[in-house]
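Chemist: The following block contains the structure, expressed as structure tokens.
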2 protein chains.
Amino acid sequence: MGTLCLRSIPGLPEVQPGADLAELISSHAGELREGSIVAIAHKIVSKAEGAFVDLRHVLPSARAHELAADGGAVRTQRPPVKSSRANDASGAEDAPPKDPRAVQVVLDQASEVLRAERGVIVCRTHHGFVCANAGVDASNSADPNTVIVLPRDPDASARRIRARLRELSGAQVAVLITDSFGRAWRHGQCDVALGCAGLTPLDDWRGRCDSAGRELRATWIAVADAIAAAAELVRAKDSHEPVAIVEGLERFVTAEDGPGATALMRPPAEDLFL
Amino acid sequence: MGTLCLRSIPGLPEVQPGADLAELISSHAGELREGSIVAIAHKIVSKAEGAFVDLRHVLPSARAHELAADGGAVRTQRPPVKSSRANDASGAEDAPPKDPRAVQVVLDQASEVLRAERGVIVCRTHHGFVCANAGVDASNSADPNTVIVLPRDPDASARRIRARLRELSGAQVAVLITDSFGRAWRHGQCDVALGCAGLTPLDDWRGRCDSAGRELRATWIAVADAIAAAAELVRAKDSHEPVAIVEGLERFVTAEDGPGATALMRPPAEDLFL
């Protein structure tokens, strides 16, 4: 019988640029067991790495102005909302304020704009991720004049954090860096893997057999994405719990850092779903 | 601190048409606690509901013959593979045998064919799901002449199983029916929700605030899909473990059956990711 347990880490302080994330995690996580997976919301990785952009230093291009005027803008931060709307779970979202500077940051993070409509710019990022607003986000930013961008190389970030966790705890864990992405065809967001180290990102059953000896068809499980989605379920959005510890998936934890989450990117030319 | 635990149910027998799934589950699951979520791979739901098609009774259309000849076919079952290839995890998949009858079943299950290439027909099913081969599958079928199709109305199936589990165990649980779907832009498959009952499928944080009082942006979590992905991680593909029990998400379990997984379907006209 398989079992899988996830727990969030309470009490992490606000992460500052330059913070030693592995130290923060290992000092708050309790015992880190060999073969655990440490799933980290990318925002604190971005914060620790200083992956912010100060909007006061951004000069929006004509294209950014045009997209912002069209509503294709990321929402920039507003003062704390204490109105009744704060508890409104109706799902109705106001049109976001348009800030051409934030749109410029989105364009700077994108290698390709796939669609811009209704306040969302769907981009392929310079890493190759397809997501809304190139992952640029103003929520949870400590400073209203800054937006947070994705880590420059999330697999490298994961490798660094993993090495440091090993140094501090002695345990060989895997590290997974996650973000919430919207999807085609389905409402809502699921967390996916932006980066990982020491984790098998894809479990390949193609050509292997099931319990009756029948060959399994097209079974290639996106393990890293599934773990990201699971980790999201234990982390409360409204309390600082950006880290989850996953136990019970030791079979996917490897001695080597491995190919990282880059292995999950499907080249556009191979994409039958588009 | 949040915790989430998942366990698979060992020892379930091969499911036969007409089987009382809830009875099988409750007799093998140990104690079912109030507020647990029972995640079930759709195949055993399809089997219990007799959602098979006997290929010997299928007359393929000209279109099915054409797609099969083009390689746009589902693989039909082969005899058990005992060659060295069975352990080949290289990821290389042979071109599947082409069976125009199986292709016809795919076409019958589809409301729209979005793409047909390299042995895969990406369809929108009559339910509205976008997936490869309209969910038609020959693996794990007990009879080499049959293919398994998706349950006709997975939300209704979930409601029935839920009601019966309550009858048998006394506990109010949620029921989730899952399948593995490929995705756009990313390699591998993740399990998603085909149907659910007693579960909040989407957790809407839009308009709510984070711990610092800042409004959260575009945060609308596909809870049912995340649970499906998590459940996949505890169920071994090669041993009959099609059911997982999820504890720790009682906040998403509702007294009412609720909107089901239908709520997760994004109408094509609203889809910015396409």
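Residues are referred to by chain and number: the chain letter is A, B, ... according to the order shown in the structure tokens, the number counts from 1 in that chain, and ligands are numbered separately from 1 in the order shown.
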For segment 159-262 of chain A against segment 47-65 of chain A, with a cut-off of 12 Å and counting only C-alpha atoms, what is the closest atom pair and its distance in Å to one decimal for every residue that makes the cut, ordered by chain and number, as JSON lines?

Modeler:
```
{"residue": "A:Arg160", "atom": "CA", "partner": "A:Glu49", "partner_atom": "CA", "distance": 11.5}
{"residue": "A:Ile161", "atom": "CA", "partner": "A:Ala48", "partner_atom": "CA", "distance": 11.0}
{"residue": "A:Pro242", "atom": "CA", "partner": "A:Lys47", "partner_atom": "CA", "distance": 11.9}
```

Chemist: Keeping only C-alpha atoms, write those residues as a compact mmCIF listing (two decimals), in the first residue's frame.

Modeler:
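Dumped everything to part.txt:
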```
# COMPACT_ATOMS: atom_id res chain seq x y z
CA ARG A 160 21.67 25.42 -5.21
CA ILE A 161 18.99 25.10 -2.54
CA PRO A 242 5.27 28.81 0.80
```

Chemist: Set the distance at 7 Å and use only C-alpha atoms: which residues neighbour segment 230-235 of chain B once local chain neighbours fewer than 2 positions away are removed? I'd like the list as a list in words.

Modeler: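 What passes the distance filter is Gly2, Thr3, Leu4, Ala226, Ile227, Ala229 and Ala230 of chain A; Leu6, Arg7, Ser8, Ala39, Asp191, Ala226, Ile227, Ala228, Lys237, Glu241, Pro242 and Ala244 of chain B.
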
Chemist: So that I can check the surroundings of Glu66 of chain B, please list as a PyMOL selection string every protein, DNA and RNA residue that reaches within 12 Å of it, counting only C-alpha atoms and ignoring chain neighbours fewer than 3 positions away.

Modeler: chain B and resi 60-63+69-73+98-101+103-104+116-117

Chemist: What lies within 12 Å of Gly182 of chain A using only C-alpha atoms, ignoring chain neighbours under 2 positions off, as a PDB file with C-alpha atoms, in the first residue's frame?

Modeler:
```pdb
ATOM      1  CA  VAL A 120      -4.153  38.769 -19.451  1.00  0.00           C
ATOM      2  CA  ILE A 121      -1.146  38.413 -21.712  1.00  0.00           C
ATOM      3  CA  VAL A 122      -0.440  34.748 -22.378  1.00  0.00           C
ATOM      4  CA  CYS A 123       3.282  34.450 -23.090  1.00  0.00           C
ATOM      5  CA  PHE A 129       7.039  28.287 -19.943  1.00  0.00           C
ATOM      6  CA  VAL A 130       3.637  29.219 -21.337  1.00  0.00           C
ATOM      7  CA  CYS A 131       1.693  31.153 -18.727  1.00  0.00           C
ATOM      8  CA  ALA A 132      -0.299  34.286 -18.038  1.00  0.00           C
ATOM      9  CA  ASN A 133       1.638  37.560 -17.826  1.00  0.00           C
ATOM     10  CA  ALA A 134       4.957  35.697 -18.196  1.00  0.00           C
ATOM     11  CA  GLY A 135       4.727  34.876 -14.514  1.00  0.00           C
ATOM     12  CA  ASP A 179       4.160  28.260  -9.665  1.00  0.00           C
ATOM     13  CA  SER A 180       0.411  28.328 -10.362  1.00  0.00           C
ATOM     14  CA  ALA A 184      -5.973  25.362 -21.785  1.00  0.00           C
ATOM     15  CA  TRP A 185      -9.520  23.935 -21.787  1.00  0.00           C
ATOM     16  CA  ARG A 186      -9.956  23.919 -18.022  1.00  0.00           C
ATOM     17  CA  HIS A 187     -10.838  26.586 -15.479  1.00  0.00           C
ATOM     18  CA  GLY A 188      -8.613  27.388 -12.550  1.00  0.00           C
ATOM     19  CA  GLN A 189      -4.912  27.035 -11.979  1.00  0.00           C
ATOM     20  CA  CYS A 190      -2.749  24.142 -10.936  1.00  0.00           C
ATOM     21  CA  ASP A 191       0.767  24.388  -9.608  1.00  0.00           C
ATOM     22  CA  VAL A 192       3.430  23.064 -11.933  1.00  0.00           C
TER      23      VAL A 192
ATOM     24  CA  ARG B 183      -1.470  18.774 -21.682  1.00  0.00           C
ATOM     25  CA  ALA B 184      -0.508  21.539 -24.043  1.00  0.00           C
ATOM     26  CA  TRP B 185       3.083  22.852 -23.785  1.00  0.00           C
ATOM     27  CA  ALA B 218      -6.043  35.630 -10.446  1.00  0.00           C
ATOM     28  CA  THR B 219      -5.973  32.951  -7.811  1.00  0.00           C
ATOM     29  CA  TRP B 220      -8.550  30.384  -8.635  1.00  0.00           C
ATOM     30  CA  ILE B 221      -7.260  26.971  -7.696  1.00  0.00           C
ATOM     31  CA  ALA B 222      -8.411  23.874  -9.542  1.00  0.00           C
ATOM     32  CA  ASP B 225      -7.555  18.551 -10.539  1.00  0.00           C
ATOM     33  CA  LEU B 264     -13.867  22.886 -14.456  1.00  0.00           C
ATOM     34  CA  ARG B 266     -13.700  26.188 -19.795  1.00  0.00           C
ATOM     35  CA  ASP B 271     -10.134  30.209 -23.488  1.00  0.00           C
ATOM     36  CA  LEU B 272      -7.205  32.633 -23.591  1.00  0.00           C
ATOM     37  CA  PHE B 273      -4.754  29.748 -23.619  1.00  0.00           C
ATOM     38  CA  LEU B 274      -5.760  28.697 -27.122  1.00  0.00           C
TER      39      LEU B 274
END
```

Chemist: One number please: atom CA of Leu107 of chain B to atom CA of Pro268 of chain B, in Å, one decimal.

Modeler: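 Atom CA of Pro268 of chain B lies 19.7 Å from atom CA of Leu107 of chain B.
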
Chemist: Check segment 105-257 of chain B with DSSP on the backbone and list each residue it calls strand (DSSP E), as a PyMOL selection string.

Modeler: chain B and resi 110-117+120-125+130-132+146-148+174-182+189-197+203-204+220-221+243-247

Chemist: Quick one: pull the distance between atom CA of Gly30 of chain A and atom CA of Glu247 of chain B, Å, one decimal.

Modeler: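 Separation between atom CA of Gly30 of chain A and atom CA of Glu247 of chain B: 21.6 Å.
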
Chemist: What separation in Å, quoted to one decimal, exists between atom CA of Val246 of chain A and atom CA of Leu176 of chain A?

Modeler: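 Pair atom CA of Val246 of chain A / atom CA of Leu176 of chain A returns 10.3 Å.
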
Chemist: Extract, using only C-alpha atoms, all DNA, RNA and protein residues at most 8 Å from Val136 of chain B, discarding same-chain residues fewer than 6 positions from it, and format them as a CSV table (one decimal) with N, CA and C atoms, in the first residue's frame.

Modeler:
```
chain,number,residue,atom,x,y,z
B,74,VAL,N,-5.9,4.6,-32.2
B,74,VAL,CA,-5.6,4.2,-30.8
B,74,VAL,C,-5.0,2.8,-30.9
B,105,VAL,N,-14.4,4.0,-32.7
B,105,VAL,CA,-14.9,4.2,-31.3
B,105,VAL,C,-14.5,5.6,-30.8
B,106,VAL,N,-13.3,6.0,-31.1
B,106,VAL,CA,-12.8,7.3,-30.8
B,106,VAL,C,-13.7,8.4,-31.4
B,109,GLN,N,-17.0,8.8,-29.7
B,109,GLN,CA,-16.9,9.4,-28.4
B,109,GLN,C,-16.6,10.9,-28.5
B,147,VAL,N,-12.5,-2.2,-26.0
B,147,VAL,CA,-11.9,-1.0,-25.5
B,147,VAL,C,-12.8,-0.4,-24.4
B,148,ILE,N,-12.1,0.4,-23.5
B,148,ILE,CA,-12.9,1.0,-22.5
B,148,ILE,C,-13.1,2.5,-22.9
B,149,VAL,N,-14.3,3.0,-22.6
B,149,VAL,CA,-14.5,4.4,-22.9
B,149,VAL,C,-14.8,5.1,-21.6
B,150,LEU,N,-14.8,6.4,-21.6
B,150,LEU,CA,-15.1,7.2,-20.4
B,150,LEU,C,-16.5,6.9,-19.9
```

Chemist: Enumerate as a ChimeraX atom specification all residues of segment 127-268 of chain B assigned to helix (DSSP H, G or I) by DSSP on the backbone, naming them with the chain letters and numbers the document uses.

Modeler: /B:133-135,154-169,223-234,250-252,261-264,268

Chemist: Keeping N, CA and C atoms for every residue in the selection just given, could you write it to a file as a compact mmCIF listing (two decimals), in the first residue's frame?

Modeler:
```
# COMPACT_ATOMS: atom_id res chain seq x y z
N ASN B 133 -7.34 10.64 -27.99
CA ASN B 133 -8.18 9.48 -28.32
C ASN B 133 -9.52 9.47 -27.58
N ALA B 134 -10.03 10.63 -27.26
CA ALA B 134 -11.34 10.78 -26.59
C ALA B 134 -11.44 9.89 -25.36
N GLY B 135 -10.28 9.61 -24.75
CA GLY B 135 -10.28 8.80 -23.53
C GLY B 135 -10.46 7.31 -23.77
N PRO B 154 -19.64 11.33 -15.71
CA PRO B 154 -18.80 11.05 -14.54
C PRO B 154 -19.27 11.74 -13.25
N ASP B 155 -19.88 12.93 -13.37
CA ASP B 155 -20.40 13.57 -12.15
C ASP B 155 -21.54 12.74 -11.55
N ALA B 156 -22.39 12.21 -12.41
CA ALA B 156 -23.49 11.36 -11.93
C ALA B 156 -22.93 10.08 -11.31
N SER B 157 -21.89 9.53 -11.92
CA SER B 157 -21.26 8.33 -11.35
C SER B 157 -20.73 8.64 -9.95
N ALA B 158 -20.07 9.80 -9.83
CA ALA B 158 -19.51 10.18 -8.53
C ALA B 158 -20.62 10.34 -7.49
N ARG B 159 -21.72 10.95 -7.90
CA ARG B 159 -22.83 11.12 -6.95
C ARG B 159 -23.39 9.78 -6.50
N ARG B 160 -23.55 8.87 -7.42
CA ARG B 160 -24.07 7.54 -7.07
C ARG B 160 -23.14 6.82 -6.10
N ILE B 161 -21.85 6.84 -6.41
CA ILE B 161 -20.88 6.12 -5.56
C ILE B 161 -20.84 6.78 -4.18
N ARG B 162 -20.91 8.11 -4.16
CA ARG B 162 -20.90 8.82 -2.89
C ARG B 162 -22.09 8.42 -2.00
N ALA B 163 -23.27 8.42 -2.61
CA ALA B 163 -24.48 8.09 -1.84
C ALA B 163 -24.37 6.68 -1.28
N ARG B 164 -23.87 5.78 -2.10
CA ARG B 164 -23.77 4.39 -1.67
C ARG B 164 -22.68 4.22 -0.60
N LEU B 165 -21.59 4.96 -0.71
CA LEU B 165 -20.55 4.90 0.33
C LEU B 165 -21.09 5.40 1.66
N ARG B 166 -21.92 6.42 1.58
CA ARG B 166 -22.52 6.94 2.82
C ARG B 166 -23.41 5.90 3.46
N GLU B 167 -24.19 5.23 2.61
CA GLU B 167 -25.08 4.18 3.06
C GLU B 167 -24.28 3.07 3.77
N LEU B 168 -23.16 2.71 3.18
CA LEU B 168 -22.39 1.58 3.68
C LEU B 168 -21.51 1.94 4.87
N SER B 169 -20.92 3.15 4.83
CA SER B 169 -19.93 3.47 5.87
C SER B 169 -20.46 4.44 6.90
N VAL B 223 -8.86 22.81 -7.43
CA VAL B 223 -8.67 21.86 -6.34
C VAL B 223 -8.89 20.41 -6.79
N ALA B 224 -9.98 20.18 -7.53
CA ALA B 224 -10.30 18.80 -7.92
C ALA B 224 -9.20 18.22 -8.80
N ASP B 225 -8.64 19.04 -9.68
CA ASP B 225 -7.55 18.55 -10.54
C ASP B 225 -6.28 18.32 -9.73
N ALA B 226 -6.02 19.19 -8.77
CA ALA B 226 -4.82 19.01 -7.94
C ALA B 226 -4.92 17.73 -7.11
N ILE B 227 -6.12 17.45 -6.61
CA ILE B 227 -6.29 16.21 -5.83
C ILE B 227 -6.14 14.99 -6.75
N ALA B 228 -6.67 15.09 -7.95
CA ALA B 228 -6.52 13.99 -8.91
C ALA B 228 -5.04 13.73 -9.18
N ALA B 229 -4.27 14.80 -9.37
CA ALA B 229 -2.84 14.66 -9.65
C ALA B 229 -2.12 14.03 -8.45
N ALA B 230 -2.50 14.46 -7.25
CA ALA B 230 -1.88 13.92 -6.04
C ALA B 230 -2.20 12.43 -5.89
N ALA B 231 -3.45 12.08 -6.16
CA ALA B 231 -3.89 10.69 -5.99
C ALA B 231 -3.11 9.76 -6.91
N GLU B 232 -2.82 10.25 -8.11
CA GLU B 232 -2.05 9.46 -9.07
C GLU B 232 -0.70 9.03 -8.49
N LEU B 233 -0.14 9.88 -7.64
CA LEU B 233 1.19 9.60 -7.10
C LEU B 233 1.23 8.42 -6.13
N VAL B 234 0.10 8.08 -5.52
CA VAL B 234 0.11 6.93 -4.60
C VAL B 234 -0.41 5.65 -5.23
N GLU B 250 -10.64 18.30 4.37
CA GLU B 250 -12.04 18.35 4.78
C GLU B 250 -12.67 19.69 4.43
N ARG B 251 -11.84 20.76 4.35
CA ARG B 251 -12.40 22.09 4.05
C ARG B 251 -13.02 22.15 2.66
N PHE B 252 -12.67 21.22 1.79
CA PHE B 252 -13.24 21.23 0.44
C PHE B 252 -14.38 20.23 0.28
N ALA B 261 -17.38 18.11 -11.57
CA ALA B 261 -16.19 18.49 -12.34
C ALA B 261 -16.57 19.24 -13.61
N THR B 262 -17.83 19.24 -13.95
CA THR B 262 -18.31 20.03 -15.08
C THR B 262 -17.91 21.50 -14.91
N ALA B 263 -17.85 21.94 -13.65
CA ALA B 263 -17.50 23.34 -13.37
C ALA B 263 -16.08 23.67 -13.82
N LEU B 264 -15.26 22.65 -14.05
CA LEU B 264 -13.87 22.89 -14.46
C LEU B 264 -13.72 23.10 -15.95
N PRO B 268 -14.76 27.03 -24.92
CA PRO B 268 -13.72 27.44 -25.88
C PRO B 268 -13.69 28.95 -26.11
```
